[in-house]
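S.K.: Structure: protein.txt, compact mmCIF, C-alpha atoms.
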```
# COMPACT_ATOMS: atom_id res chain seq x y z
CA MET A 788 56.34 -61.74 6.88
CA SER A 789 53.14 -59.73 6.53
CA ARG A 790 53.37 -56.60 4.45
CA PRO A 791 52.38 -53.34 6.21
CA THR A 792 50.16 -50.72 4.63
CA PRO A 793 51.21 -47.05 4.66
CA LEU A 794 48.92 -46.65 7.69
CA ARG A 795 50.54 -49.25 9.96
CA ASP A 796 51.94 -46.68 12.43
CA VAL A 797 48.54 -45.02 12.65
CA HIS A 798 46.85 -48.32 13.46
CA GLN A 799 49.45 -49.08 16.13
CA SER A 800 49.03 -45.65 17.69
CA LEU A 801 45.29 -46.32 17.93
CA GLY A 802 45.88 -49.60 19.75
CA ALA A 803 44.62 -51.78 16.92
CA THR A 804 44.92 -55.53 17.02
CA LEU A 805 46.83 -56.41 13.84
CA THR A 806 46.77 -59.68 11.94
CA ASP A 807 47.90 -61.21 8.67
CA PHE A 808 45.28 -61.04 5.93
CA ALA A 809 46.25 -62.27 2.46
CA GLY A 810 49.87 -61.44 3.19
CA TRP A 811 49.14 -57.97 4.61
CA LEU A 812 49.31 -56.68 8.18
CA LEU A 813 45.86 -55.21 8.79
CA PRO A 814 43.79 -54.06 11.79
CA VAL A 815 41.23 -56.57 13.03
CA ARG A 816 39.71 -54.14 15.50
CA TYR A 817 40.66 -50.99 17.38
CA GLY A 818 38.61 -51.76 20.47
CA SER A 819 35.07 -53.08 20.28
CA GLU A 820 34.21 -54.62 16.91
CA SER A 821 30.49 -54.34 17.76
CA ALA A 822 30.92 -50.60 18.38
CA GLU A 823 32.76 -50.27 15.07
CA HIS A 824 29.97 -52.16 13.30
CA ARG A 825 27.28 -49.96 14.86
CA ALA A 826 29.20 -46.80 13.98
CA VAL A 827 29.06 -47.71 10.29
CA ARG A 828 25.34 -48.47 10.46
CA GLU A 829 24.47 -45.37 12.50
CA ALA A 830 27.18 -42.77 11.74
CA ALA A 831 30.40 -43.59 9.84
CA GLY A 832 33.42 -45.86 9.85
CA LEU A 833 36.95 -45.31 8.51
CA PHE A 834 38.68 -48.29 6.86
CA ASP A 835 42.19 -48.98 5.58
CA LEU A 836 41.76 -50.98 2.35
CA SER A 837 45.28 -50.46 1.02
CA HIS A 838 45.70 -54.20 0.57
CA MET A 839 43.45 -54.15 -2.51
CA GLY A 840 45.11 -54.32 -5.93
CA GLU A 841 44.97 -51.63 -8.62
CA ILE A 842 45.69 -52.81 -12.16
CA PHE A 843 45.57 -50.35 -15.05
CA VAL A 844 44.60 -51.31 -18.59
CA THR A 845 45.32 -48.59 -21.13
CA GLY A 846 45.42 -48.10 -24.89
CA PRO A 847 43.16 -47.86 -27.94
CA GLN A 848 41.81 -51.40 -27.41
CA ALA A 849 41.74 -51.44 -23.62
CA GLY A 850 37.96 -51.88 -23.55
CA GLN A 851 38.02 -54.75 -26.04
CA ALA A 852 40.85 -56.44 -24.11
CA LEU A 853 38.76 -56.33 -20.93
CA ASP A 854 35.68 -57.58 -22.79
CA HIS A 855 37.72 -60.63 -23.78
CA ALA A 856 39.36 -61.12 -20.40
CA LEU A 857 36.34 -60.62 -18.12
CA VAL A 858 32.69 -61.69 -18.15
CA GLY A 859 31.35 -58.12 -18.29
CA HIS A 860 30.88 -55.67 -21.16
CA LEU A 861 33.46 -53.14 -20.06
CA SER A 862 33.91 -51.34 -23.41
CA ALA A 863 30.32 -50.12 -22.96
CA LEU A 864 31.15 -48.50 -19.62
CA ALA A 865 30.91 -44.71 -19.65
CA VAL A 866 33.89 -42.65 -18.53
CA GLY A 867 33.55 -41.98 -14.82
CA ARG A 868 31.47 -45.08 -14.09
CA ALA A 869 32.34 -48.39 -12.46
CA ARG A 870 31.07 -51.95 -12.77
CA TYR A 871 31.16 -55.09 -10.66
CA THR A 872 32.41 -58.02 -12.70
CA MET A 873 34.44 -61.23 -12.53
CA ILE A 874 37.37 -62.98 -14.13
CA VAL A 875 36.82 -66.70 -14.71
CA ASN A 876 38.87 -69.61 -15.99
CA GLU A 877 38.08 -71.67 -19.10
CA ARG A 878 35.73 -73.84 -17.01
CA GLY A 879 33.78 -70.79 -15.87
CA GLY A 880 35.15 -70.94 -12.32
CA VAL A 881 35.59 -67.57 -10.62
CA LEU A 882 39.23 -66.50 -10.24
CA ASP A 883 38.25 -63.22 -8.59
CA ASP A 884 35.45 -60.70 -8.35
CA LEU A 885 36.43 -57.20 -9.40
CA ILE A 886 35.36 -53.60 -9.71
CA VAL A 887 36.41 -51.91 -12.96
CA TYR A 888 36.50 -48.11 -13.25
CA ARG A 889 36.66 -46.35 -16.60
CA LEU A 890 38.91 -43.37 -15.99
CA GLY A 891 39.18 -42.21 -19.62
CA ASP A 892 38.44 -43.26 -23.18
CA GLU A 893 41.54 -45.46 -23.16
CA GLU A 894 42.13 -46.00 -19.44
CA PHE A 895 40.57 -48.46 -17.02
CA MET A 896 41.43 -49.39 -13.44
CA VAL A 897 40.70 -52.94 -12.28
CA VAL A 898 40.45 -53.34 -8.51
CA ALA A 899 41.17 -56.90 -7.38
CA ASN A 900 41.20 -58.67 -4.03
CA ALA A 901 44.44 -58.73 -2.07
CA ALA A 902 44.93 -62.49 -2.29
CA ASN A 903 44.42 -62.54 -6.05
CA TYR A 904 45.64 -59.30 -7.60
CA ARG A 905 48.97 -60.62 -8.82
CA ASP A 906 47.25 -63.56 -10.52
CA VAL A 907 44.65 -61.22 -11.98
CA ALA A 908 47.37 -58.95 -13.37
CA ARG A 909 49.11 -61.92 -14.99
CA GLU A 910 45.87 -63.19 -16.50
CA LEU A 911 45.00 -59.75 -17.88
CA GLN A 912 48.46 -59.46 -19.42
CA GLU A 913 48.19 -62.89 -21.03
CA ARG A 914 44.62 -62.41 -22.25
CA GLY A 915 45.36 -58.95 -23.60
CA LYS A 916 48.30 -59.88 -25.82
CA ALA A 917 46.23 -59.81 -29.01
CA TYR A 918 44.99 -56.26 -28.33
CA ASP A 919 46.53 -52.80 -28.58
CA ALA A 920 46.46 -52.39 -24.83
CA ALA A 921 48.93 -52.31 -21.96
CA VAL A 922 48.40 -53.90 -18.54
CA GLU A 923 50.30 -52.49 -15.55
CA ASP A 924 49.99 -53.49 -11.92
CA ARG A 925 50.27 -50.23 -9.96
CA SER A 926 49.13 -51.63 -6.62
CA ASP A 927 52.37 -50.62 -4.89
CA ARG A 928 51.69 -46.96 -5.63
CA TYR A 929 48.25 -46.63 -4.05
CA ALA A 930 46.66 -46.51 -0.64
CA LEU A 931 42.91 -46.93 -0.33
CA ILE A 932 40.83 -45.42 2.46
CA ALA A 933 37.07 -45.87 2.78
CA VAL A 934 34.50 -43.79 4.62
CA GLN A 935 31.26 -45.74 5.00
CA GLY A 936 27.98 -44.92 6.73
CA PRO A 937 25.03 -42.52 6.70
CA HIS A 938 27.26 -39.56 7.67
CA ALA A 939 29.99 -40.35 5.14
CA GLN A 940 29.03 -37.66 2.65
CA ARG A 941 28.80 -34.83 5.16
CA ILE A 942 32.23 -35.80 6.53
CA LEU A 943 33.92 -35.99 3.13
CA ALA A 944 32.21 -32.78 1.96
CA THR A 945 34.21 -30.78 4.51
CA LEU A 946 37.44 -31.79 2.77
CA THR A 947 36.59 -31.47 -0.93
CA ASP A 948 34.81 -29.24 -3.42
CA ALA A 949 33.92 -32.27 -5.55
CA ASP A 950 30.27 -32.67 -6.53
CA LEU A 951 29.42 -35.49 -4.15
CA ASP A 952 25.69 -35.00 -4.68
CA GLY A 953 26.19 -35.66 -8.39
CA LEU A 954 28.45 -38.68 -7.88
CA LYS A 955 26.31 -41.72 -8.57
CA TYR A 956 26.61 -45.15 -6.99
CA TYR A 957 29.35 -47.10 -8.79
CA ALA A 958 31.03 -44.03 -10.21
CA GLY A 959 34.42 -42.39 -9.74
CA LEU A 960 35.55 -38.78 -9.74
CA PRO A 961 39.12 -37.38 -9.69
CA ALA A 962 39.28 -34.54 -7.17
CA LEU A 963 41.32 -32.87 -4.45
CA VAL A 964 40.60 -34.12 -0.94
CA ASP A 965 42.28 -32.12 1.81
CA GLY A 966 44.38 -30.64 -0.99
CA ARG A 967 45.59 -34.06 -2.17
CA GLU A 968 44.88 -35.75 -5.47
CA ALA A 969 42.43 -38.63 -5.11
CA LEU A 970 39.99 -40.72 -7.04
CA ILE A 971 36.72 -40.60 -5.13
CA ALA A 972 34.65 -43.71 -5.78
CA ARG A 973 31.10 -44.17 -4.53
CA THR A 974 31.26 -47.89 -3.90
CA GLY A 975 31.64 -49.99 -0.79
CA TYR A 976 31.43 -53.33 0.95
CA THR A 977 29.23 -52.58 3.95
CA GLY A 978 25.69 -52.14 2.64
CA GLU A 979 25.86 -48.41 3.47
CA ASP A 980 26.43 -45.34 1.35
CA GLY A 981 30.04 -44.28 1.34
CA PHE A 982 33.20 -43.46 -0.54
CA GLU A 983 36.53 -45.08 -1.29
CA LEU A 984 39.52 -42.79 -1.79
CA PHE A 985 42.44 -43.94 -3.96
CA VAL A 986 45.48 -41.84 -3.08
CA ALA A 987 49.26 -41.97 -3.37
CA ASN A 988 50.94 -43.85 -0.54
CA GLN A 989 52.54 -40.71 0.89
CA ASP A 990 49.13 -39.05 1.22
CA ALA A 991 47.50 -41.86 3.22
CA VAL A 992 48.53 -40.78 6.73
CA PRO A 993 47.67 -37.06 6.43
CA LEU A 994 44.38 -37.91 4.71
CA TRP A 995 43.47 -40.40 7.46
CA HIS A 996 44.12 -37.74 10.09
CA ALA A 997 42.11 -35.14 8.15
CA LEU A 998 39.15 -37.53 7.83
CA THR A 999 39.40 -38.42 11.51
CA ALA A 1000 39.23 -34.75 12.51
CA ALA A 1001 36.40 -34.01 10.08
CA GLY A 1002 34.46 -37.03 11.28
CA GLU A 1003 34.79 -36.49 15.01
CA PRO A 1004 31.62 -34.33 15.30
CA HIS A 1005 29.72 -36.95 13.27
CA GLY A 1006 30.56 -40.09 15.23
CA LEU A 1007 33.24 -41.45 12.88
CA ARG A 1008 35.21 -44.42 14.22
CA PRO A 1009 38.09 -46.37 12.71
CA ALA A 1010 36.88 -49.86 11.81
CA GLY A 1011 38.80 -53.07 11.26
CA LEU A 1012 38.47 -56.33 9.38
CA SER A 1013 36.02 -57.87 11.85
CA ALA A 1014 33.47 -55.10 11.44
CA ARG A 1015 33.99 -55.08 7.69
CA ASP A 1016 33.22 -58.80 7.57
CA THR A 1017 30.05 -58.60 9.68
CA LEU A 1018 28.84 -55.58 7.71
CA ARG A 1019 29.33 -57.25 4.32
CA LEU A 1020 27.73 -60.44 5.67
CA GLU A 1021 24.59 -58.55 6.73
CA ALA A 1022 24.54 -56.96 3.27
CA GLY A 1023 24.77 -60.40 1.62
CA MET A 1024 27.99 -59.51 -0.22
CA PRO A 1025 30.22 -62.42 -1.25
CA LEU A 1026 33.80 -62.88 -0.06
CA TYR A 1027 36.27 -64.57 -2.37
CA GLY A 1028 37.42 -67.83 -0.82
CA ASN A 1029 34.10 -68.22 0.99
CA GLU A 1030 31.16 -67.64 -1.35
CA LEU A 1031 33.28 -67.49 -4.52
CA SER A 1032 36.03 -69.80 -5.76
CA ALA A 1033 37.53 -71.34 -8.89
CA GLU A 1034 35.22 -74.33 -8.35
CA LEU A 1035 32.09 -72.17 -8.56
CA THR A 1036 30.66 -70.25 -11.50
CA PRO A 1037 28.90 -66.88 -11.23
CA PHE A 1038 25.63 -68.78 -11.74
CA ASP A 1039 26.34 -71.01 -8.74
CA ALA A 1040 26.65 -67.88 -6.60
CA GLY A 1041 23.41 -66.38 -7.94
CA LEU A 1042 25.41 -63.71 -9.78
CA GLY A 1043 24.79 -64.79 -13.37
CA ARG A 1044 23.60 -61.26 -14.11
CA VAL A 1045 27.23 -60.10 -14.34
CA VAL A 1046 27.89 -62.42 -17.30
CA LYS A 1047 27.18 -60.55 -20.55
CA PHE A 1048 26.69 -62.99 -23.41
CA ASP A 1049 25.38 -60.25 -25.70
CA LYS A 1050 28.66 -58.33 -25.88
CA PRO A 1051 30.64 -58.56 -29.14
CA GLY A 1052 33.34 -61.17 -29.53
CA ASP A 1053 34.39 -64.15 -27.48
CA PHE A 1054 35.54 -64.09 -23.87
CA VAL A 1055 37.43 -66.52 -21.67
CA GLY A 1056 35.03 -69.02 -20.14
CA ARG A 1057 32.14 -68.22 -22.46
CA SER A 1058 31.55 -71.76 -23.75
CA ALA A 1059 31.55 -73.25 -20.26
CA LEU A 1060 29.20 -70.59 -18.93
CA GLU A 1061 26.82 -70.85 -21.87
CA ALA A 1062 26.58 -74.59 -21.21
CA VAL A 1063 25.31 -74.02 -17.64
CA LYS A 1064 23.46 -70.70 -17.82
CA ASP A 1065 20.04 -72.32 -18.13
CA ASP A 1066 20.70 -75.16 -15.69
CA GLN A 1067 19.30 -75.32 -12.20
CA PRO A 1068 22.37 -75.11 -9.92
CA ARG A 1069 22.82 -78.14 -7.70
CA ARG A 1070 23.16 -75.82 -4.73
CA ARG A 1071 22.08 -72.23 -4.15
CA LEU A 1072 23.46 -69.49 -1.92
CA VAL A 1073 21.05 -68.55 0.86
CA GLY A 1074 20.91 -66.77 4.17
CA LEU A 1075 20.47 -68.56 7.49
CA VAL A 1076 19.29 -67.02 10.76
CA ALA A 1077 19.98 -69.03 13.90
CA ARG A 1078 17.18 -69.51 16.40
CA GLY A 1079 19.64 -69.91 19.26
CA ARG A 1080 22.81 -68.08 20.26
CA ARG A 1081 25.46 -70.38 18.80
CA VAL A 1082 27.12 -69.02 15.66
CA PRO A 1083 27.33 -71.04 12.42
CA ARG A 1084 30.87 -70.69 11.05
CA HIS A 1085 32.60 -71.25 7.73
CA GLY A 1086 32.73 -74.93 6.85
CA TYR A 1087 30.02 -76.12 9.23
CA PRO A 1088 27.57 -78.63 7.65
CA VAL A 1089 23.95 -77.65 7.05
CA THR A 1090 21.60 -80.55 7.75
CA GLN A 1091 17.99 -81.58 7.26
CA ASP A 1092 16.69 -84.49 9.33
CA GLY A 1093 20.30 -85.35 10.12
CA ALA A 1094 21.43 -85.55 6.47
CA VAL A 1095 23.97 -83.03 5.15
CA VAL A 1096 22.34 -80.73 2.58
CA GLY A 1097 24.81 -77.86 2.47
CA GLU A 1098 27.71 -76.00 4.00
CA VAL A 1099 28.14 -72.64 5.71
CA THR A 1100 30.40 -70.23 3.82
CA SER A 1101 30.37 -67.28 6.25
CA GLY A 1102 28.83 -66.77 9.67
CA ALA A 1103 28.89 -64.24 12.51
CA PRO A 1104 26.71 -62.60 15.15
CA SER A 1105 24.61 -59.86 13.56
CA GLN A 1106 24.63 -56.61 15.49
CA THR A 1107 21.67 -55.35 13.46
CA LEU A 1108 19.44 -58.42 13.76
CA GLY A 1109 20.58 -59.40 17.24
CA LYS A 1110 20.98 -63.01 16.14
CA PRO A 1111 23.70 -65.17 14.57
CA ILE A 1112 23.51 -65.21 10.77
CA ALA A 1113 25.26 -67.10 8.00
CA MET A 1114 25.48 -67.53 4.27
CA ALA A 1115 25.51 -71.09 3.01
CA TYR A 1116 25.25 -73.19 -0.11
CA VAL A 1117 22.34 -75.61 0.29
CA ASP A 1118 20.85 -78.20 -2.03
CA ALA A 1119 18.31 -76.79 -4.48
CA GLY A 1120 14.80 -77.36 -3.22
CA VAL A 1121 15.48 -77.47 0.53
CA SER A 1122 14.02 -74.64 2.57
CA THR A 1123 12.62 -75.87 5.89
CA GLY A 1124 13.66 -78.10 8.75
CA LEU A 1125 17.28 -76.96 8.53
CA ALA A 1126 19.98 -77.00 11.16
CA VAL A 1127 23.70 -76.35 11.36
CA ASP A 1128 25.97 -78.97 12.85
CA ILE A 1129 28.00 -77.00 15.40
CA ARG A 1130 30.49 -79.42 16.92
CA GLY A 1131 27.98 -82.26 16.96
CA SER A 1132 24.95 -80.24 18.05
CA HIS A 1133 22.35 -79.64 15.34
CA GLU A 1134 21.26 -76.04 15.95
CA PRO A 1135 18.01 -75.06 14.16
CA VAL A 1136 18.15 -72.22 11.61
CA ASP A 1137 15.65 -70.45 9.37
CA LEU A 1138 16.39 -69.98 5.67
CA VAL A 1139 15.94 -66.41 4.41
CA GLU A 1140 16.61 -64.66 1.13
CA LEU A 1141 19.66 -62.42 0.95
CA PRO A 1142 20.54 -59.79 1.98
CA PHE A 1143 19.83 -59.76 5.70
CA TYR A 1144 20.00 -55.96 5.77
CA ARG A 1145 19.10 -53.13 3.39
CA ARG A 1146 19.88 -49.54 4.24
CA LYS A 1147 17.14 -46.97 4.29
CA LYS A 1148 17.20 -44.73 1.25
```
Translate this structure into structure tokens?

M.R.:
Amino acid sequence: MSRPTPLRDVHQSLGATLTDFAGWLLPVRYGSESAEHRAVREAAGLFDLSHMGEIFVTGPQAGQALDHALVGHLSALAVGRARYTMIVNERGGVLDDLIVYRLGDEEFMVVANAANYRDVARELQERGKAYDAAVEDRSDRYALIAVQGPHAQRILATLTDADLDGLKYYAGLPALVDGREALIARTGYTGEDGFELFVANQDAVPLWHALTAAGEPHGLRPAGLSARDTLRLEAGMPLYGNELSAELTPFDAGLGRVVKFDKPGDFVGRSALEAVKDDQPRRRLVGLVARGRRVPRHGYPVTQDGAVVGEVTSGAPSQTLGKPIAMAYVDAGVSTGLAVDIRGSHEPVDLVELPFYRRKK
């Protein structure tokens, strides 16, 4: 049975279509997913992300433990800042992509994907045994609500005295929001500016209602999984299980920059990643824009002159471009004459560099 978030009753009252996602009962859409997508691009969207995992690593050697467990240099992270990183296996394959927040000198919060957070917590516990650090999965205690879009700051500013102007991208700030304790993070998964609010479960419903009321004059709409997926696809952001997997390294995904070989000490997967860091990947992750109206979907073959040269990892209609778009792994060196095999019909596509969309500063 799918696990509900603390906001399930709210979603039902709004008429949301609910579905299972990684073992959680989450809203797919509340009405029109295209309207939800446009609201985030033009005004603001409100998301329930309570399915994400929150794992705390604390103690005098918490930073060193994370340096060993993950590919990033987390001990160098300043208090109040966050970093995108990954956990890999001994072969260098990606087990999950993560955001790590440094909350204090000896306290870090690792945010993992819903499908993986239990495995991530177990790996962190195992990899941290040699360090003076404690690993605790606190995912059951937290709800996570995101406000994303060009009006996000003005909406949130009506509910908090926190210095939102001074909060940098990929940073976190403990503050009161609508009188409730929250960690305000300036991150996101939509390609827009916005904030993610980590709060206690019991505060999720009143905070959602407060944000809804504050956002009404600014065009805020609740947004579901469908809009979140099309938004992140336009922004060229990877989804674990699609663009990332245990069979792919960060270098395969074009994300080798997150691997920090210059940090002190060894880390899990280092030898395997060092062996491939200078290699040309057999396939590269690219963007595809369809010339017609048929949508390339996950798993569809990419072809050139009838021969398979790749595979679609994610695809959807783009509200912003007005055309179907996709991300795909294609053979290194191919760039023209491409098509996607959609149920036997080879539909022509143009290869483009990612992302498809960049927000205006």

S.K.: Suppose you want the space between atom CA of A:Ala1014 and atom CA of A:Ala908; what is it in Å?

M.R.: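 Going from atom CA of A:Ala1014 over to atom CA of A:Ala908, I get 28.7 Å.
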
S.K.: Within 8 Å of (30.7, -36.0, 10.4), all atoms listed in the file: residues as an MDAnalysis selection string?

M.R.: chainID A and resid 830:831 938:939 941:943 1001:1007

S.K.: Measuring atom to atom with all atoms listed in the file, identify which of A:Pro1135, A:Pro1037, A:Gly1109, A:Pro1068 is nearest to A:Thr1090.

M.R.: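 For A:Thr1090, the nearest of the given residues is A:Pro1135.
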
S.K.: Name the residues in contact with stretch 846-853 of chain A at a cut-off of 6 Å, using all atoms listed in the file, excluding same-chain residues fewer than 5 positions from it; report them as a ChimeraX atom specification.

M.R.: /A:861-862,893,915,918-920

S.K.: Would you save the residues of that selection, restricted to C-alpha atoms, as a PDB file, keeping the file's coordinate frame?

M.R.:
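Heads up, here's the output in selection-v8.pdb:
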```pdb
ATOM      1  CA  LEU A 861      33.460 -53.140 -20.060  1.00  0.00           C
ATOM      2  CA  SER A 862      33.910 -51.340 -23.410  1.00  0.00           C
ATOM      3  CA  GLU A 893      41.540 -45.460 -23.160  1.00  0.00           C
ATOM      4  CA  GLY A 915      45.360 -58.950 -23.600  1.00  0.00           C
ATOM      5  CA  TYR A 918      44.990 -56.260 -28.330  1.00  0.00           C
ATOM      6  CA  ASP A 919      46.530 -52.800 -28.580  1.00  0.00           C
ATOM      7  CA  ALA A 920      46.460 -52.390 -24.830  1.00  0.00           C
TER       8      ALA A 920
END
```

S.K.: Restricting the calculation to all atoms listed in the file, which member of A:Val1082, A:Ala991, A:Leu794, A:Val1063 is positioned closest to A:Leu813?

M.R.: A:Leu794

S.K.: Enter the distance from atom CA of A:Ala987 to atom CA of A:Ile932, in Å, rounded to one decimal.

M.R.: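 According to the coordinates, atom CA of A:Ala987 and atom CA of A:Ile932 are separated by 10.8 Å.
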
S.K.: How many Å separate atom CA of A:Gly959 from atom CA of A:Val827?

M.R.: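 Here the two named atoms are 21.4 Å from each other.
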
S.K.: I'd like the neighbourhood of stretch 978-984 of chain A as number ranges by chain, where a residue qualifies if any of its atoms comes within 8 Å (using all atoms listed in the file), though same-chain residues fewer than 3 positions away should be ignored.

M.R.: A: 827-828, 931-937, 939-940, 969-975, 1018-1019, 1021-1022, 1144-1146

S.K.: Find the spatial neighbours of stretch 1039-1053 of chain A, counting only C-alpha atoms, within a cut-off of 6 Å - ignore same-chain residues fewer than 3 positions away - and output them as a compact mmCIF listing (two decimals) with C-alpha atoms, in the frame of the given file.

M.R.:
```txt
# COMPACT_ATOMS: atom_id res chain seq x y z
CA VAL A 858 32.69 -61.69 -18.15
CA GLY A 859 31.35 -58.12 -18.29
CA HIS A 860 30.88 -55.67 -21.16
CA THR A 872 32.41 -58.02 -12.70
CA LEU A 1035 32.09 -72.17 -8.56
CA THR A 1036 30.66 -70.25 -11.50
CA PRO A 1068 22.37 -75.11 -9.92
CA LEU A 1072 23.46 -69.49 -1.92
```

S.K.: Smallest atom-to-atom distance to A:Ser837: which of A:Glu1034, A:Asp1137, A:Glu968, A:Asp927, using only C-alpha atoms?

M.R.: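 For A:Ser837, the nearest of the candidates is A:Asp927.
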
S.K.: Quick one: residues within 7 Å of (43.7, -55.0, 1.6) (file frame), counting all atoms listed in the file, please, as a count of residues only.

M.R.: 6

S.K.: Could you check the closest approach to A:Gly1124 for each of A:Leu1075, A:Ala902, A:Ile1112, A:Val1055 and tell me which residue wins, using all atoms listed in the file?

M.R.: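 The shortest atom-to-atom distance to A:Gly1124 comes from A:Leu1075.
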
S.K.: Taking only C-alpha atoms into account, which of A:Leu857, A:Ala1077, A:Val866, A:Val922 comes nearest A:Asp883?

M.R.: A:Leu857

S.K.: For each of A:Val875, A:Leu946, A:Leu864, A:Ala869, take the minimum atom-to-atom distance to A:Ser1058, counting all atoms listed in the file, then give the residue where this is smallest.

M.R.: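 Going through A:Val875, A:Leu946, A:Leu864, A:Ala869 one by one, the smallest distance to A:Ser1058 is for A:Val875.
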
S.K.: Excluding A:Ala899 and its own-chain neighbours fewer than 2 positions away, which residues fall within 9 Å of it when counting only C-alpha atoms? Please give them as a JSON list (two decimals) with C-alpha atoms, in the coordinates of the input.

M.R.:
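As written to disk, selection21.json reads:
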```
[["chain", "number", "residue", "atom", "x", "y", "z"],
["A", 839, "MET", "CA", 43.45, -54.15, -2.51],
["A", 840, "GLY", "CA", 45.11, -54.32, -5.93],
["A", 841, "GLU", "CA", 44.97, -51.63, -8.62],
["A", 842, "ILE", "CA", 45.69, -52.81, -12.16],
["A", 883, "ASP", "CA", 38.25, -63.22, -8.59],
["A", 884, "ASP", "CA", 35.45, -60.70, -8.35],
["A", 885, "LEU", "CA", 36.43, -57.20, -9.40],
["A", 886, "ILE", "CA", 35.36, -53.60, -9.71],
["A", 887, "VAL", "CA", 36.41, -51.91, -12.96],
["A", 897, "VAL", "CA", 40.70, -52.94, -12.28],
["A", 901, "ALA", "CA", 44.44, -58.73, -2.07],
["A", 902, "ALA", "CA", 44.93, -62.49, -2.29],
["A", 903, "ASN", "CA", 44.42, -62.54, -6.05],
["A", 904, "TYR", "CA", 45.64, -59.30, -7.60],
["A", 905, "ARG", "CA", 48.97, -60.62, -8.82],
["A", 907, "VAL", "CA", 44.65, -61.22, -11.98],
["A", 908, "ALA", "CA", 47.37, -58.95, -13.37]]
```

S.K.: Near A:Tyr1116, within 8 Å and counting all atoms listed in the file, which residues show up once chain neighbours fewer than 3 positions away are dropped, as JSON, numbers by chain?

M.R.: {"A": [1070, 1071, 1072, 1073, 1097, 1098, 1099, 1100]}

S.K.: Just write the chosen residues, C-alpha atoms, as a PDB file, in the coordinates of the input.

M.R.:
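Once everything was written out, this is out_3.pdb:
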```
ATOM      1  CA  ARG A1070      23.160 -75.820  -4.730  1.00  0.00           C
ATOM      2  CA  ARG A1071      22.080 -72.230  -4.150  1.00  0.00           C
ATOM      3  CA  LEU A1072      23.460 -69.490  -1.920  1.00  0.00           C
ATOM      4  CA  VAL A1073      21.050 -68.550   0.860  1.00  0.00           C
ATOM      5  CA  GLY A1097      24.810 -77.860   2.470  1.00  0.00           C
ATOM      6  CA  GLU A1098      27.710 -76.000   4.000  1.00  0.00           C
ATOM      7  CA  VAL A1099      28.140 -72.640   5.710  1.00  0.00           C
ATOM      8  CA  THR A1100      30.400 -70.230   3.820  1.00  0.00           C
TER       9      THR A1100
END
```
